[in-house]
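**Q** Shown below is the structure under consideration.
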Amino acid sequence: MTDTTNTEPATPPHSQWYDVWHQFKAHKGALLGGIIFLIIVFGVFIGPLLWPYDATYIDIRARNQGPSLAHPFGTDQLGRDLLARMMAGGQTSIAVGLTAMLLALSLGSFVGIIAGFFKKLDGPLMRLTDLFLALPILPLLLVMMMLFREPLSSAVGPERGIFILIVVAIGVTSWMPTARIVRGDVLALKEREFVLAARSIGTSNKNMITRHILPNVLSPIMVSATLGIANAIITESALSFLGLGFPPDFPTWGRLLNDAVQYLQDYPERVFWPGLGISLTVLSVNYLGDGLRDALDPRIRGR
Amino acid sequence: MLTFTIRRLILAIPTLLFISLVIFLLLELAPGDPMAEVPLTVPPEVKEKMRLALGLGEPGYIRFYKWLVQFFWVEPQILFDHMFGTTFAEGKQRIISWQHRGPVMDVVVERLPQTLWVVGLSYIVGILIALPIGIYSAYKQYSLFDQAGTFITMIGYSIPPFFTGPLVIVLFSVNLGWFPFIYDTTHEVVDWDSFVYQLRQMIMPVMVLALQTTAQISRYMRASMLDNLNQDYVRTARAKGLSERVVVLVHVLRNSMIPVVTVIALGLPAIFGGAIITEQVFSVNGIGAQLIGAIQANDLPTVQTLTFMFAFLIVFFNLIADVLYGILDPRIRYD
């Protein structure tokens, strides 16, 4: 370990991220989850460029059709192509999921690092986290949607207003688990020798956090990022499903599911695709998170 | 332990006050006007009087204080009067719904049994399914059963109730026609046939909610069992010649249940939240449906009261989980 002059490593050295990838590959479910998630993301963002129908194009003569070659998923009550609507809905759902996750993650990491690093702020910030954890999330989200959709819609346009509202609402109500995990890790890191060493050469607090603490808490942050996407997608779909999300003509997976439920008796098969879209995305992201957790944990890695 | 419980109880009071303040301030920002539905022919001064009658004339802090008094002082008195026939709350102002023009709590009391039946039963069913699955998957780790169990719980974890709900409706109501589509809340159990009908209409919502519970609790149960199965005391128990059954189901299970019991207590408020969606899917006329209805009708007192009740449940069950943890695990001493 100390004698570094003449020892040649048996295998060529590789980076830490190679090890992570190696371990990640071994987790079959995670790999499959990652691939499926990428396929869904590419499908919903590139698919509409290749597909001839527009999500909002109304063809009233072709309404309520079953699956055919021209419309593989069929058409809805206004003759709109359901495949195109699925892709457009997926764009919104995944965009909401990613943005809300980023917001919750940055909030949570910020609170977690500050609380773990500065002893004085630890108490108040953790009490705040506890208070937020005690809030009834779903009822509060519903209330927030009810209160702010009108003013925001008129201020920045219906779609963008609701988008901002949903992202912010989900973001500010789901940062707490990340904050708790990050704080715990920061508290443990602070006692390590390399932090003491960095401190002894006069590293400022800012550099300490950005250079030494943040890179070391990246792995729990990444794991909660995957879980955050899943959570945000489910929450957005739940809101849209309850009719308090995006406006009716604007497709998202939750909205499509809600529309389909109204025609449940006549066209039960319509429920299937949006539900599958949500479930498959969430399932693949959850598996991805599972694999990442194993791959980023150095105690498990190499086994 | 007792001092800890008392300290937590005292700490719960500012938490609840803070939450009620957050909810109140949020609703204070509401742009919606309760007078919006009143016809335009009603003159403005009459409208102003109607606003005053709804208690909207006073500044915010007075209304907040009034709401607190009504929720924590008047409503418990009403309950007490109702139970013992006393007249403590005679003539006192209650929380009035803008939608029904009657006390909010009367509607809640009407709706609560439906929710409690569906939610409570689904939670019990979910736990009863989850525990054996968790125990057996941990005991036979990496076996086929474990792999299948993990996969199924992952699915239960990932598929939201607003998809499983329509899915079971399509499967069991539309295609097979086994169970009724819509939950009939006016149904009364009087004889065997009506009891069977009640069971049949409850199966689907209970199933959907139980799937979520099962997924979460069996994951915890499995992890907790795995932690304990490799401990020294298990080897000792086996070395003494105890049967496998006794080792797993008595020694290991008792120790593994400690974290699981707290998870069960902590999960109960979340299942009430899930019930909001399930009630919407199956048209169950419970408090979740009441909340949605109140939100759509801009009925702020009802929204405020119901949201706070959900918060109260969360705080209450957090407290129970903490205390239970201390009672069950003698290694944990808070004081």
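Every chain in the structure tokens takes a letter, A first, then B, and so on in the order presented; its residues are numbered from 1, and the ligands are numbered from 1 following the presented order.
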When you get a sec, could you note down which chain B residues fall within 7 Å of chain A, using only C-alpha atoms, as a PDB file with N, CA, C and O atoms, in the first residue's frame?
**A**
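Here's the written file iface-v8.pdb:
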```pdb
ATOM      1  N   THR B  15     -46.214  21.328  16.215  1.00  0.00           N
ATOM      2  CA  THR B  15     -46.233  20.783  14.855  1.00  0.00           C
ATOM      3  C   THR B  15     -47.618  20.946  14.241  1.00  0.00           C
ATOM      4  O   THR B  15     -47.763  21.440  13.126  1.00  0.00           O
ATOM      5  N   ILE B  19     -48.778  23.239  11.077  1.00  0.00           N
ATOM      6  CA  ILE B  19     -49.425  22.699   9.877  1.00  0.00           C
ATOM      7  C   ILE B  19     -50.755  23.395   9.623  1.00  0.00           C
ATOM      8  O   ILE B  19     -51.063  23.782   8.492  1.00  0.00           O
ATOM      9  N   ALA B  30     -56.213  32.111  -1.548  1.00  0.00           N
ATOM     10  CA  ALA B  30     -57.145  31.647  -2.570  1.00  0.00           C
ATOM     11  C   ALA B  30     -57.811  32.818  -3.283  1.00  0.00           C
ATOM     12  O   ALA B  30     -58.356  33.708  -2.638  1.00  0.00           O
ATOM     13  N   PRO B  31     -57.746  32.822  -4.605  1.00  0.00           N
ATOM     14  CA  PRO B  31     -58.423  33.879  -5.331  1.00  0.00           C
ATOM     15  C   PRO B  31     -59.918  33.614  -5.467  1.00  0.00           C
ATOM     16  O   PRO B  31     -60.683  34.520  -5.745  1.00  0.00           O
ATOM     17  N   ILE B 155     -43.661  -4.560  -8.834  1.00  0.00           N
ATOM     18  CA  ILE B 155     -44.785  -4.153  -9.682  1.00  0.00           C
ATOM     19  C   ILE B 155     -45.836  -3.433  -8.842  1.00  0.00           C
ATOM     20  O   ILE B 155     -46.315  -2.357  -9.191  1.00  0.00           O
ATOM     21  N   SER B 158     -44.853  -0.032  -8.212  1.00  0.00           N
ATOM     22  CA  SER B 158     -44.733   0.875  -9.353  1.00  0.00           C
ATOM     23  C   SER B 158     -46.065   1.189 -10.009  1.00  0.00           C
ATOM     24  O   SER B 158     -46.197   2.235 -10.630  1.00  0.00           O
ATOM     25  N   ILE B 159     -47.015   0.261  -9.950  1.00  0.00           N
ATOM     26  CA  ILE B 159     -48.276   0.519 -10.658  1.00  0.00           C
ATOM     27  C   ILE B 159     -49.175   1.346  -9.760  1.00  0.00           C
ATOM     28  O   ILE B 159     -49.528   0.913  -8.662  1.00  0.00           O
ATOM     29  N   PRO B 160     -49.530   2.532 -10.185  1.00  0.00           N
ATOM     30  CA  PRO B 160     -50.355   3.388  -9.332  1.00  0.00           C
ATOM     31  C   PRO B 160     -51.789   2.859  -9.232  1.00  0.00           C
ATOM     32  O   PRO B 160     -52.263   2.180 -10.149  1.00  0.00           O
ATOM     33  N   PHE B 163     -54.310   3.084 -12.013  1.00  0.00           N
ATOM     34  CA  PHE B 163     -54.259   2.161 -13.149  1.00  0.00           C
ATOM     35  C   PHE B 163     -54.785   0.790 -12.754  1.00  0.00           C
ATOM     36  O   PHE B 163     -55.593   0.209 -13.479  1.00  0.00           O
ATOM     37  N   PRO B 166     -58.906   0.874 -12.654  1.00  0.00           N
ATOM     38  CA  PRO B 166     -59.594   0.612 -13.914  1.00  0.00           C
ATOM     39  C   PRO B 166     -59.304  -0.778 -14.477  1.00  0.00           C
ATOM     40  O   PRO B 166     -60.171  -1.405 -15.064  1.00  0.00           O
ATOM     41  N   VAL B 170     -62.108  -3.387 -15.510  1.00  0.00           N
ATOM     42  CA  VAL B 170     -62.246  -3.963 -16.840  1.00  0.00           C
ATOM     43  C   VAL B 170     -62.295  -5.476 -16.748  1.00  0.00           C
ATOM     44  O   VAL B 170     -63.157  -6.134 -17.344  1.00  0.00           O
ATOM     45  N   VAL B 174     -66.335  -5.626 -16.252  1.00  0.00           N
ATOM     46  CA  VAL B 174     -66.770  -5.527 -17.641  1.00  0.00           C
ATOM     47  C   VAL B 174     -66.699  -6.891 -18.309  1.00  0.00           C
ATOM     48  O   VAL B 174     -67.668  -7.349 -18.907  1.00  0.00           O
ATOM     49  N   GLY B 273     -54.291   8.716   2.117  1.00  0.00           N
ATOM     50  CA  GLY B 273     -54.050   9.520   0.921  1.00  0.00           C
ATOM     51  C   GLY B 273     -54.357   8.728  -0.334  1.00  0.00           C
ATOM     52  O   GLY B 273     -54.985   9.229  -1.259  1.00  0.00           O
ATOM     53  N   ILE B 295     -62.990  20.664  -3.016  1.00  0.00           N
ATOM     54  CA  ILE B 295     -62.009  21.424  -3.785  1.00  0.00           C
ATOM     55  C   ILE B 295     -62.656  21.950  -5.060  1.00  0.00           C
ATOM     56  O   ILE B 295     -62.479  23.107  -5.441  1.00  0.00           O
ATOM     57  N   THR B 307     -58.089  18.637   5.171  1.00  0.00           N
ATOM     58  CA  THR B 307     -56.640  18.590   5.018  1.00  0.00           C
ATOM     59  C   THR B 307     -55.974  18.507   6.377  1.00  0.00           C
ATOM     60  O   THR B 307     -55.030  17.745   6.586  1.00  0.00           O
ATOM     61  N   PHE B 310     -56.160  15.030   7.784  1.00  0.00           N
ATOM     62  CA  PHE B 310     -55.120  14.147   7.230  1.00  0.00           C
ATOM     63  C   PHE B 310     -53.788  14.408   7.926  1.00  0.00           C
ATOM     64  O   PHE B 310     -53.059  13.475   8.275  1.00  0.00           O
ATOM     65  N   ALA B 311     -53.461  15.686   8.137  1.00  0.00           N
ATOM     66  CA  ALA B 311     -52.209  16.025   8.823  1.00  0.00           C
ATOM     67  C   ALA B 311     -52.205  15.475  10.235  1.00  0.00           C
ATOM     68  O   ALA B 311     -51.195  14.956  10.716  1.00  0.00           O
ATOM     69  N   ILE B 314     -51.289  11.896  10.271  1.00  0.00           N
ATOM     70  CA  ILE B 314     -49.862  11.657  10.061  1.00  0.00           C
ATOM     71  C   ILE B 314     -49.098  11.876  11.361  1.00  0.00           C
ATOM     72  O   ILE B 314     -48.316  11.023  11.793  1.00  0.00           O
ATOM     73  N   VAL B 315     -49.350  13.010  12.018  1.00  0.00           N
ATOM     74  CA  VAL B 315     -48.635  13.320  13.259  1.00  0.00           C
ATOM     75  C   VAL B 315     -48.935  12.263  14.318  1.00  0.00           C
ATOM     76  O   VAL B 315     -48.044  11.763  15.003  1.00  0.00           O
TER      77      VAL B 315
END
```
**Q** Leaving out Ile213 in chain A and any residue of its chain fewer than 2 positions from it, which residues lie within 9 Å of it when counting only C-alpha atoms, given as number ranges by chain?
**A** A: 113, 117, 186, 189-190, 195, 208-211, 215-218
**Q** CA of Gly108 in chain A and CA of Ile170 in chain A, how far apart in Å?
**A**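 The value is 12.5 Å.
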**Q** Using Å and a single decimal, report how far CA of Ile203 in chain B sits from CA of Ala130 in chain B.
**A** 17.4 Å
**Q** Counting only C-alpha atoms, figure out which residue out of A:Asn205, A:Thr56, A:Gln91, A:Ser200 gets nearest to Ile114 in chain A.
**A**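 For Ile114 in chain A, the nearest of the given residues is A:Asn205.
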**Q** Using only C-alpha atoms, which protein or nucleic acid residues come within 9 Å of His27 in chain A? Drop anything in the same chain fewer than 6 positions from it, and give the result as a list in words.
**A**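 After dropping sequence-adjacent residues, the list is Asp290, Gly291, Asp294 and Ala295 of chain A.
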